[in-house]
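Novice: Sharing run00.tsv below, TSV, C-alpha atoms:
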```tsv
chain	number	residue	atom	x	y	z
A	8	MET	CA	162.37	178.54	109.72
A	9	THR	CA	164.01	179.08	106.42
A	10	ILE	CA	163.97	181.94	104.01
A	11	ASN	CA	164.29	181.20	100.35
A	12	SER	CA	165.07	183.73	97.78
A	13	LEU	CA	164.11	184.25	94.28
A	14	HIS	CA	166.83	182.19	92.87
A	15	CYS	CA	165.37	179.19	94.62
A	16	ILE	CA	168.11	178.98	97.13
A	17	CYS	CA	167.84	178.79	100.83
A	18	VAL	CA	169.13	181.98	102.33
A	19	TYR	CA	168.45	181.66	105.95
A	20	TYR	CA	167.66	179.10	108.56
A	21	GLN	CA	166.76	179.23	112.17
A	22	ASP	CA	165.12	176.85	114.51
A	23	TRP	CA	163.75	176.91	117.97
A	24	HIS	CA	162.94	173.38	118.82
A	25	ARG	CA	163.85	170.37	116.93
A	26	THR	CA	163.92	166.84	118.06
A	27	ARG	CA	166.97	165.98	116.11
A	28	ARG	CA	169.50	168.29	114.69
A	29	PRO	CA	169.70	168.11	110.96
A	30	LYS	CA	172.96	166.86	109.75
A	31	PRO	CA	175.38	169.42	108.50
A	32	ALA	CA	175.11	170.05	104.84
A	33	SER	CA	177.39	168.43	102.38
A	34	GLU	CA	180.14	170.69	101.29
A	35	ALA	CA	178.89	172.09	98.11
A	36	GLY	CA	175.32	172.05	99.13
A	37	LEU	CA	174.87	175.14	101.11
A	38	LEU	CA	175.72	178.72	100.55
A	39	PRO	CA	178.01	180.16	103.14
A	40	ALA	CA	176.36	182.13	105.85
A	41	VAL	CA	173.03	180.45	106.03
A	42	SER	CA	173.34	179.13	109.43
A	43	GLN	CA	176.34	178.03	111.34
A	44	ALA	CA	174.53	175.09	112.56
A	45	VAL	CA	174.11	173.49	109.23
A	46	SER	CA	177.06	174.45	107.18
A	47	ALA	CA	179.50	171.81	106.12
A	48	ALA	CA	181.47	170.52	109.01
A	49	ALA	CA	184.52	169.46	107.10
A	50	ALA	CA	187.67	170.63	108.69
A	51	GLY	CA	189.58	173.11	106.67
A	52	ASP	CA	186.48	173.93	104.78
A	53	ALA	CA	186.12	177.37	103.39
A	54	ALA	CA	183.40	178.21	105.84
A	55	ALA	CA	185.02	179.41	108.95
A	56	ALA	CA	181.86	178.63	110.76
A	57	ALA	CA	182.43	174.97	110.25
A	58	HIS	CA	184.39	174.50	113.39
A	59	ALA	CA	182.00	176.46	115.41
A	60	THR	CA	179.25	174.29	114.15
A	61	ALA	CA	180.55	171.16	115.66
A	62	SER	CA	180.84	172.68	119.05
A	63	THR	CA	177.91	174.98	119.23
A	64	PHE	CA	175.34	172.53	118.29
A	65	SER	CA	172.91	173.68	120.86
A	66	SER	CA	172.91	177.30	119.95
A	67	PRO	CA	170.61	178.59	117.30
A	68	ARG	CA	172.04	178.42	113.92
A	69	ASN	CA	173.37	181.59	112.80
A	70	THR	CA	174.84	181.44	109.48
A	71	LEU	CA	173.37	183.68	107.06
A	72	GLN	CA	172.87	182.43	103.82
A	73	SER	CA	172.28	184.86	101.35
A	74	THR	CA	170.17	183.21	99.06
A	75	THR	CA	167.29	185.01	98.41
A	76	GLY	CA	165.59	181.89	98.52
A	77	THR	CA	163.24	180.79	101.01
A	78	VAL	CA	163.41	181.82	104.47
A	79	VAL	CA	162.35	178.88	106.35
A	80	ALA	CA	161.70	179.05	109.94
A	81	ILE	CA	161.48	175.76	111.55
A	82	SER	CA	160.10	177.17	114.61
A	83	ASN	CA	158.57	174.09	115.75
A	84	GLU	CA	158.39	173.60	119.29
A	85	LEU	CA	159.77	170.35	120.50
A	86	PRO	CA	157.30	167.66	121.11
A	87	PRO	CA	155.90	168.39	124.50
A	88	PRO	CA	155.82	165.74	127.12
A	89	PRO	CA	152.40	164.25	126.67
A	90	PRO	CA	150.40	165.76	129.53
A	91	SER	CA	151.41	169.39	129.76
A	92	THR	CA	151.64	171.71	126.82
A	93	ALA	CA	148.58	173.54	125.94
A	94	GLY	CA	148.25	175.88	123.10
A	95	ALA	CA	151.00	176.19	120.69
A	96	GLY	CA	152.40	172.88	121.31
A	97	VAL	CA	155.32	171.94	119.43
A	98	GLY	CA	155.51	169.61	116.69
A	99	GLY	CA	158.26	167.22	117.06
A	100	LEU	CA	159.93	167.54	113.79
A	101	THR	CA	161.91	164.45	113.57
A	102	SER	CA	164.75	164.91	111.28
A	103	THR	CA	164.78	162.49	108.46
A	104	GLY	CA	168.50	162.16	108.75
A	105	LEU	CA	169.03	164.16	105.61
A	106	ALA	CA	171.78	166.67	105.30
A	107	PHE	CA	170.45	170.14	105.75
A	108	ASP	CA	170.82	171.32	102.23
A	109	GLU	CA	168.84	168.41	100.99
A	110	GLU	CA	166.23	169.03	103.57
A	111	ALA	CA	166.02	172.64	102.51
A	112	LYS	CA	165.66	171.66	98.90
A	113	LEU	CA	163.02	169.19	99.81
A	114	VAL	CA	161.01	171.77	101.67
A	115	TYR	CA	161.43	174.22	98.88
A	116	GLY	CA	160.41	171.68	96.28
A	117	VAL	CA	157.26	170.89	98.14
A	118	VAL	CA	156.42	174.53	98.48
A	119	ILE	CA	157.01	175.33	94.84
A	120	SER	CA	155.04	172.37	93.56
A	121	LEU	CA	152.08	173.07	95.76
A	122	ARG	CA	152.12	176.69	94.81
A	123	ASN	CA	152.16	175.94	91.12
A	124	MET	CA	149.40	173.44	91.50
A	125	VAL	CA	147.21	175.90	93.37
A	126	LYS	CA	147.83	178.56	90.76
A	127	LYS	CA	146.93	176.24	87.94
A	128	ILE	CA	143.78	175.05	89.55
A	129	SER	CA	142.37	178.31	90.73
A	130	GLY	CA	144.08	181.06	88.80
A	131	ARG	CA	146.38	183.81	89.86
A	132	ASP	CA	144.33	185.07	92.72
A	133	GLU	CA	144.51	182.08	94.97
A	134	GLN	CA	147.54	181.62	97.07
A	135	PHE	CA	148.88	178.60	98.78
A	136	THR	CA	149.29	179.43	102.43
A	137	SER	CA	149.79	176.38	104.54
A	138	TYR	CA	149.35	172.67	104.85
A	139	ARG	CA	149.10	170.36	107.78
A	140	THR	CA	150.10	166.80	108.45
A	141	SER	CA	149.81	164.77	111.58
A	142	ALA	CA	153.28	165.79	112.66
A	143	TYR	CA	153.63	169.40	111.63
A	144	ARG	CA	152.11	172.33	109.87
A	145	LEU	CA	153.92	174.29	107.20
A	146	HIS	CA	153.15	177.97	106.69
A	147	LEU	CA	154.20	179.93	103.65
A	148	PHE	CA	154.28	183.64	103.08
A	149	GLU	CA	155.41	184.83	99.72
A	150	THR	CA	156.22	188.33	98.61
A	151	LEU	CA	155.80	189.77	95.15
A	152	SER	CA	159.53	190.05	94.94
A	153	GLY	CA	159.98	186.32	95.18
A	154	TYR	CA	160.98	185.84	98.75
A	155	LYS	CA	159.38	182.90	100.44
A	156	PHE	CA	159.12	182.67	104.18
A	157	VAL	CA	158.46	179.17	105.35
A	158	MET	CA	157.74	178.13	108.86
A	159	LEU	CA	157.08	174.72	110.31
A	160	THR	CA	155.17	174.45	113.51
A	161	ASP	CA	153.11	172.16	115.60
A	162	PRO	CA	149.99	170.94	113.84
A	163	ARG	CA	147.72	172.60	116.29
A	164	THR	CA	149.05	176.09	115.58
A	165	GLU	CA	146.76	178.41	113.77
A	166	ASN	CA	147.78	180.12	110.60
A	167	MET	CA	150.99	182.00	110.95
A	168	ARG	CA	150.75	184.07	107.82
A	169	VAL	CA	150.17	187.21	109.79
A	170	GLN	CA	153.22	186.56	111.90
A	171	LEU	CA	155.30	185.76	108.88
A	172	ARG	CA	154.19	188.99	107.34
A	173	ARG	CA	155.18	190.81	110.47
A	174	ILE	CA	158.56	189.17	110.34
A	175	TYR	CA	158.89	190.43	106.79
A	176	GLU	CA	157.94	193.94	107.77
A	177	GLY	CA	159.91	193.96	110.96
A	178	PRO	CA	163.25	192.25	111.35
A	179	PHE	CA	163.69	191.43	107.68
A	180	LEU	CA	163.17	194.97	106.48
A	181	GLU	CA	165.18	196.46	109.27
A	182	PHE	CA	168.20	194.25	109.33
A	183	VAL	CA	168.46	192.78	105.91
A	184	VAL	CA	167.06	195.24	103.43
A	185	ARG	CA	168.32	198.27	105.24
A	186	ASN	CA	171.68	196.80	106.03
A	187	PRO	CA	174.18	197.71	103.34
A	188	LEU	CA	176.59	195.07	104.49
A	189	VAL	CA	174.25	192.22	103.82
A	190	LYS	CA	174.48	191.22	100.21
A	191	MET	CA	171.04	190.51	98.97
A	192	ASP	CA	172.23	188.79	95.90
A	193	SER	CA	171.13	185.37	96.77
A	194	ARG	CA	173.39	183.41	94.58
A	195	GLU	CA	176.46	183.86	96.65
A	196	GLN	CA	175.69	184.26	100.25
A	197	GLY	CA	173.02	183.92	102.85
A	198	ILE	CA	171.52	186.71	104.89
A	199	ASP	CA	172.53	185.61	108.31
A	200	ASN	CA	173.49	188.42	110.58
A	201	GLU	CA	173.52	188.89	114.31
A	202	ASN	CA	170.92	191.59	114.49
A	203	PHE	CA	168.51	189.85	112.23
A	204	ARG	CA	168.83	186.59	114.04
A	205	ALA	CA	168.41	188.19	117.43
A	206	ALA	CA	165.46	190.29	116.39
A	207	LEU	CA	163.78	187.35	114.76
A	208	ASP	CA	164.41	185.26	117.80
A	209	ARG	CA	162.90	187.85	120.06
A	210	MET	CA	159.90	188.23	117.88
A	211	VAL	CA	159.21	184.56	117.62
A	212	ARG	CA	159.70	183.90	121.28
A	213	GLY	CA	157.26	186.66	121.98
A	214	LEU	CA	154.53	185.12	119.89
A	215	PRO	CA	151.58	183.77	121.79
A	216	VAL	CA	151.80	180.46	120.00
A	217	TYR	CA	155.31	179.84	121.15
A	218	ALA	CA	155.29	177.21	123.80
B	24	MET	CA	140.26	204.43	86.39
B	25	ALA	CA	139.76	207.66	88.25
B	26	SER	CA	138.90	205.95	91.50
B	27	ASN	CA	142.06	203.92	91.35
B	28	VAL	CA	144.10	207.02	90.80
B	29	LYS	CA	142.56	208.65	93.83
B	30	GLN	CA	143.17	205.53	95.84
B	31	TYR	CA	146.81	205.50	94.87
B	32	LYS	CA	147.19	209.12	95.79
B	33	ALA	CA	145.62	208.43	99.16
B	34	ILE	CA	147.88	205.45	99.77
B	35	GLY	CA	150.93	207.44	98.79
B	36	GLU	CA	149.97	210.30	101.05
B	37	GLU	CA	149.38	207.98	103.94
B	38	LEU	CA	152.66	206.17	103.51
B	39	TRP	CA	154.55	209.41	103.32
B	40	LYS	CA	152.92	210.71	106.48
B	41	GLY	CA	153.41	207.43	108.28
B	42	ARG	CA	157.10	207.27	107.62
B	43	SER	CA	159.00	207.80	110.80
B	44	GLU	CA	162.42	208.28	109.31
B	45	LYS	CA	162.52	211.32	107.13
B	46	ILE	CA	165.65	213.26	106.41
B	47	ASN	CA	166.22	216.86	105.70
B	48	ALA	CA	165.67	217.66	102.03
B	49	GLU	CA	168.59	220.01	101.81
B	50	LEU	CA	170.93	217.49	103.36
B	51	PHE	CA	169.71	214.97	100.84
B	52	ALA	CA	170.22	217.30	97.89
B	53	LEU	CA	173.66	218.40	99.02
B	54	THR	CA	174.79	214.85	99.71
B	55	TYR	CA	173.65	213.70	96.31
B	56	GLY	CA	175.34	216.64	94.68
B	57	ALA	CA	178.59	215.85	96.44
B	58	LEU	CA	178.28	212.26	95.29
B	59	VAL	CA	177.88	213.26	91.67
B	60	VAL	CA	180.79	215.68	91.87
B	61	GLN	CA	182.98	212.95	93.31
B	62	LEU	CA	181.98	210.55	90.58
B	63	ILE	CA	182.81	213.10	87.94
B	64	GLN	CA	186.20	213.64	89.48
B	65	ASP	CA	186.86	209.93	89.64
B	66	TYR	CA	185.69	208.93	86.21
B	67	GLU	CA	186.12	212.11	84.21
B	68	ASP	CA	183.80	210.75	81.57
B	69	TYR	CA	180.18	211.74	81.69
B	70	ASP	CA	178.89	208.59	80.07
B	71	GLU	CA	180.65	206.52	82.66
B	72	VAL	CA	179.23	208.70	85.41
B	73	ASN	CA	175.75	208.17	84.00
B	74	LYS	CA	176.31	204.44	84.02
B	75	GLN	CA	177.57	204.44	87.59
B	76	LEU	CA	174.65	206.48	88.79
B	77	GLU	CA	172.32	204.07	87.10
B	78	LYS	CA	174.08	201.11	88.66
B	79	MET	CA	173.88	202.64	92.11
B	80	GLY	CA	170.24	203.29	91.49
B	81	TYR	CA	169.77	199.68	90.49
B	82	ASN	CA	171.19	198.43	93.78
B	83	ILE	CA	169.05	200.87	95.69
B	84	GLY	CA	165.99	199.83	93.72
B	85	THR	CA	166.32	196.13	94.45
B	86	ARG	CA	166.08	196.85	98.16
B	87	LEU	CA	163.66	199.71	97.96
B	88	ILE	CA	161.03	197.50	96.42
B	89	GLU	CA	161.02	195.30	99.54
B	90	ASP	CA	160.44	198.33	101.70
B	91	PHE	CA	157.70	199.49	99.40
B	92	LEU	CA	155.94	196.13	99.21
B	93	ALA	CA	156.15	195.56	102.93
B	94	ARG	CA	154.69	198.90	103.84
B	95	SER	CA	152.15	199.43	101.17
B	96	GLY	CA	150.95	195.86	100.94
B	97	MET	CA	150.05	196.40	97.31
B	98	GLY	CA	149.26	193.42	95.18
B	99	ARG	CA	150.41	192.71	91.68
B	100	CYS	CA	149.57	195.32	89.08
B	101	SER	CA	147.27	194.07	86.39
B	102	ASP	CA	149.03	195.73	83.47
B	103	PHE	CA	151.90	198.01	82.65
B	104	ARG	CA	149.69	201.04	82.71
B	105	GLU	CA	148.88	200.38	86.33
B	106	VAL	CA	152.57	199.93	87.05
B	107	GLY	CA	153.17	203.43	85.81
B	108	GLU	CA	150.38	204.85	87.93
B	109	VAL	CA	151.54	203.08	91.05
B	110	ILE	CA	155.15	204.16	90.60
B	111	ALA	CA	154.19	207.77	90.08
B	112	LYS	CA	151.46	208.16	92.64
B	113	VAL	CA	152.50	205.78	95.39
B	114	GLY	CA	156.18	205.08	94.91
B	115	PHE	CA	157.56	208.52	94.32
B	116	LYS	CA	155.20	209.98	96.86
B	117	THR	CA	156.25	207.55	99.56
B	118	PHE	CA	159.95	208.10	99.23
B	119	LEU	CA	160.46	211.56	97.79
B	120	ASN	CA	157.15	213.26	98.47
B	121	ILE	CA	156.73	214.27	94.85
B	122	THR	CA	154.10	213.15	92.39
B	123	PRO	CA	155.28	213.10	88.81
B	124	SER	CA	152.61	213.03	86.17
B	125	VAL	CA	152.33	210.01	83.92
B	126	VAL	CA	151.71	209.78	80.22
B	127	HIS	CA	151.17	206.31	78.82
B	128	ALA	CA	152.14	205.13	75.39
B	129	LEU	CA	150.71	201.75	74.76
B	130	PRO	CA	151.27	199.55	71.76
B	131	PRO	CA	148.76	199.86	68.96
B	132	SER	CA	145.52	197.96	69.34
B	133	PRO	CA	144.93	195.09	66.95
B	134	THR	CA	142.36	196.89	64.76
B	135	PRO	CA	144.06	197.52	61.45
B	136	ASN	CA	142.82	200.93	60.44
B	137	ARG	CA	143.69	202.65	63.69
B	138	GLN	CA	147.09	203.96	63.46
B	139	SER	CA	148.38	207.12	62.21
B	140	ASN	CA	151.38	207.77	64.34
B	141	PRO	CA	154.01	205.19	65.08
B	142	THR	CA	153.63	203.81	68.56
B	143	PRO	CA	156.31	201.70	70.20
B	144	SER	CA	155.88	197.98	70.05
B	145	GLN	CA	156.40	197.72	73.78
B	146	PRO	CA	154.28	199.52	76.31
B	147	SER	CA	155.91	202.44	77.99
B	148	PHE	CA	155.11	205.45	80.07
B	149	THR	CA	156.75	208.77	80.66
B	150	LEU	CA	157.11	210.36	84.07
B	151	THR	CA	157.28	214.12	84.10
B	152	LEU	CA	158.96	215.48	87.20
B	153	ASP	CA	157.70	218.94	88.03
B	154	GLU	CA	159.97	219.23	90.98
B	155	ASN	CA	163.05	217.21	91.69
B	156	PRO	CA	164.42	217.18	95.22
B	157	LEU	CA	167.79	216.02	93.97
B	158	THR	CA	168.41	219.14	91.95
B	159	GLU	CA	167.51	221.74	94.52
B	160	PHE	CA	170.62	223.88	94.30
B	161	VAL	CA	172.16	222.57	91.14
B	162	GLU	CA	173.45	224.22	88.02
B	163	LEU	CA	175.44	222.27	85.50
B	164	PRO	CA	178.72	223.68	84.17
B	165	GLU	CA	179.46	223.91	80.46
B	166	ASP	CA	181.32	220.70	79.97
B	167	ALA	CA	178.77	218.69	81.90
B	168	LEU	CA	176.16	220.02	79.53
B	169	GLU	CA	178.25	219.10	76.54
B	170	GLY	CA	179.30	215.79	77.99
B	171	GLY	CA	175.76	214.58	78.28
B	172	LEU	CA	175.42	214.20	82.03
B	173	TRP	CA	172.00	213.15	83.33
B	174	PHE	CA	172.20	214.45	86.85
B	175	SER	CA	169.37	212.45	88.38
B	176	ASN	CA	170.16	209.24	86.58
B	177	VAL	CA	170.04	207.37	89.85
B	178	LEU	CA	166.25	207.56	89.62
B	179	CYS	CA	166.29	205.57	86.39
B	180	GLY	CA	168.35	202.91	88.08
B	181	VAL	CA	165.99	202.74	91.02
B	182	ILE	CA	163.03	202.18	88.73
B	183	ARG	CA	164.85	199.50	86.80
B	184	GLY	CA	166.05	197.69	89.93
B	185	ALA	CA	162.72	197.80	91.65
B	186	LEU	CA	160.78	196.51	88.67
B	187	GLU	CA	163.26	193.78	88.02
B	188	MET	CA	162.60	192.32	91.45
B	189	VAL	CA	158.93	192.04	90.57
B	190	GLN	CA	159.65	190.21	87.36
B	191	MET	CA	159.56	193.04	84.87
B	192	GLN	CA	162.53	193.97	82.81
B	193	VAL	CA	162.42	197.61	81.79
B	194	GLN	CA	164.56	200.29	80.29
B	195	ALA	CA	164.39	203.61	82.06
B	196	GLU	CA	166.13	206.68	80.77
B	197	PHE	CA	165.97	210.40	80.90
B	198	VAL	CA	164.53	212.05	77.85
B	199	SER	CA	164.89	215.65	78.90
B	200	ASP	CA	166.15	217.49	81.94
B	201	VAL	CA	165.51	220.96	83.23
B	202	LEU	CA	169.15	221.25	84.26
B	203	ARG	CA	170.09	220.89	80.65
B	204	GLY	CA	167.87	223.69	79.61
B	205	ASP	CA	164.91	221.61	78.45
B	206	GLU	CA	161.40	222.52	79.40
B	207	SER	CA	160.75	219.65	81.73
B	208	SER	CA	162.43	216.61	83.23
B	209	GLU	CA	161.09	213.41	81.81
B	210	ILE	CA	161.93	209.78	82.37
B	211	ARG	CA	160.72	207.25	79.84
B	212	VAL	CA	160.21	203.73	81.14
B	213	LYS	CA	159.82	201.05	78.51
B	214	LEU	CA	158.89	197.46	79.20
B	215	VAL	CA	161.29	195.00	77.64
B	216	LYS	CA	159.72	191.80	78.85
B	217	TYR	CA	158.16	190.05	81.77
B	218	LEU	CA	160.60	187.78	83.53
B	219	GLU	CA	159.70	184.19	84.18
B	220	GLU	CA	159.99	182.77	87.62
B	221	GLU	CA	163.06	180.72	88.19
B	222	VAL	CA	162.64	177.07	88.78
B	223	PRO	CA	165.30	175.28	90.73
B	224	VAL	CA	167.67	173.17	88.74
B	225	GLY	CA	166.47	169.62	88.90
B	226	ASP	CA	169.15	167.46	90.28
B	227	ASP	CA	167.56	164.07	90.61
```
Show me, as structure tokens, the structure contained in the file I just sent.
Specialist:
Amino acid sequence: MTINSLHCICVYYQDWHRTRRPKPASEAGLLPAVSQAVSAAAAGDAAAAAHATASTFSSPRNTLQSTTGTVVAISNELPPPPPSTAGAGVGGLTSTGLAFDEEAKLVYGVVISLRNMVKKISGRDEQFTSYRTSAYRLHLFETLSGYKFVMLTDPRTENMRVQLRRIYEGPFLEFVVRNPLVKMDSREQGIDNENFRAALDRMVRGLPVYA
Amino acid sequence: MASNVKQYKAIGEELWKGRSEKINAELFALTYGALVVQLIQDYEDYDEVNKQLEKMGYNIGTRLIEDFLARSGMGRCSDFREVGEVIAKVGFKTFLNITPSVVHALPPSPTPNRQSNPTPSQPSFTLTLDENPLTEFVELPEDALEGGLWFSNVLCGVIRGALEMVQMQVQAEFVSDVLRGDESSEIRVKLVKYLEEEVPVGDD
């Protein structure tokens, strides 16, 4: 899942199941504190998280990126072994081998273009909410203030808008908006912080669609 | 638009009642007062203090709008007039439990023979605060009066910050203040322009 802010930058990233880890972002590509897992891995890089990244590959990404950009949650469950999984199922999101920042931009670009197209075709009242492919389903929840919450899930999942809205009203409001230490100015820094990540994690794992 | 007004009042009332974290009004007023006193001591220039209060308000406003949008679930306002109504009836009510009254001043309509008095070219509205929780126990000393201090200037900043996050650039300022001896406290909010959505820089 990623969160993108109003300045079109990715501010947060978290995932729950992915088939392949996205490659760490190129150095200049990502704001610091988006997610430890995807920040630049260059040694001696400004991001202190870089070293941690290489070793903690299995842990959820934690860097906060403060971009008010899109919050994308790639909470796709891993592809289930063929027989079992019922319900939520997990979409295997095979990484395309892109560096994370490019992947984030790609996702964001898709979202923005689709949104603009929907608005042009049907006027201001319609809103683009999700799309589905054979491999995954992308859900978008957008606030009036420009924050976009994006989540990728298994194609069989039903619409997650309600859950995304609850994420907005729950962990986001509590730990990002109300937290004076988290800079919400998206241009410089992501919004990763321990509490937010943990609360979000708990909430998502508690969802019925989570495999 | 009477029904809308009633709806807004109802929403505001409900949000205020539903809020689980309320703080003591006196604590709030005293804390704010101490803040202003400290600012005056630090800056010693009332204009600068006004600016700082406004800046603090701006930072508060950018976050407050998220809280407001999340809880009230309100959609986009159709015009600036509605913005004024929503701010007064829902916004102020939700956070401060007061309901300022709103007076709109819209730009002149296109018909040529209408106008007699000059109306501003940009839409604006004026909020009249009958009661102000920030100024509960406050009296301004002589030199603050002369120096031009707007005690509750943080409110102007909050309005500006909040509206900027929903793509409206406004100017909000105090026109009169009871603390200064005027009849009523009024904030005038003037729309400067609607902000366009940012498109990411194309890098391919």
Novice: May I have the protein, DNA and RNA residues with any atom at most 12 Å from the point (164.0, 187.8, 116.3), counting only C-alpha atoms, written as a PyMOL selection string?
Specialist: chain A and resi 8+21-23+67+69+80+82+170-171+173-175+177-179+181-182+199-214
Novice: My list of candidates is A:Met158, A:Leu147, A:Val117, A:Met167. Which is closest to chain B when distances are computed with all atoms listed in the file?
Specialist: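 Nearest to chain B: A:Val117.
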Novice: What is the atom CA of Gln61 of chain B to atom CA of Val212 of chain B distance in Å?
Specialist: 27.4 Å
Novice: Quick one: which chain B residues come within 6 Å of chain A, and what is the nearest atom pair for each with the distance in Å to one decimal, counting all atoms listed in the file, rows ordered by chain and ascending number, as CSV?
Specialist:
```
residue,atom,partner,partner_atom,distance
B:Arg86,CA,A:Val184,CA,5.6
B:Ala93,CA,A:Glu176,CA,5.4
B:Met188,CA,A:Ser152,CA,5.2
B:Val189,CA,A:Ser152,CA,4.8
B:Pro223,CA,A:Cys15,CA,5.5
```
Novice: Can you measure atom CA of Gly80 of chain B to atom CA of Arg183 of chain B for me? One decimal in Å is fine.
Specialist: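 For atom CA of Gly80 of chain B relative to atom CA of Arg183 of chain B, the distance reads 8.1 Å.
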Novice: Work out how far atom CA of Tyr69 of chain B is from atom CA of Glu196 of chain B, in Å to one decimal.
Specialist: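 Separation of atom CA of Glu196 of chain B and atom CA of Tyr69 of chain B: 15.0 Å.
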Novice: Between B:Met97, B:Val193, B:Ala167, B:Ile88, single out the one closest to Phe118 of chain B, counting only C-alpha atoms.
Specialist: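 Between B:Met97, B:Val193, B:Ala167, B:Ile88, the residue approaching Phe118 of chain B most closely is B:Ile88.
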Novice: Could you list as a count of residues only every residue that has an atom within 10 Å of (148.1, 212.9, 81.2), using the file's coordinates and counting all atoms listed in the file?
Specialist: 7
Novice: Looking at only C-alpha atoms, which of B:Val161, B:Cys179, B:Val59, B:Val215 is the one that sits closest to Val72 of chain B?
Specialist: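 Going through B:Val161, B:Cys179, B:Val59, B:Val215 one by one, the smallest distance to Val72 of chain B is for B:Val59.
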Novice: Pick out the closest residue to Ala57 of chain B from this set: B:Phe148, B:Tyr81, B:Phe91, B:Phe174. Count all atoms listed in the file.
Specialist: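 Distance minimum relative to Ala57 of chain B lands on B:Phe174.
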Novice: I'd like to know which of B:Gly84, B:Gly114, B:Pro156, B:Pro164 is closest to Tyr55 of chain B, using all atoms listed in the file.
Specialist: B:Pro156
Novice: Segment 101-104 of chain B: which residues within 7 Å, counting all atoms listed in the file, same-chain residues fewer than 3 positions away excluded, as a ChimeraX atom specification?
Specialist: /B:107-108,127,146
Novice: Near Asp166 of chain B, within 12 Å and counting all atoms listed in the file, which residues show up once chain neighbours fewer than 3 positions away are dropped, as a list in words?
Specialist: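 Skipping anything fewer than 3 positions along the chain leaves Ile63, Glu67, Asp68, Tyr69, Glu162, Leu163, Glu169, Gly170, Gly171, Leu172 and Arg203 of chain B.
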Novice: Using only C-alpha atoms, which residues sit within 12 Å of Leu50 of chain B once same-chain residues fewer than 3 positions away are excluded, as a PyMOL selection string?
Specialist: chain B and resi 45-47+53-57+156-160
Novice: Using all atoms listed in the file, find the one residue out of B:Leu76, B:Val109, B:Tyr217, B:Ala33 that sits nearest to Ser175 of chain B.
Specialist: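 Smallest distance to Ser175 of chain B is found for B:Leu76.
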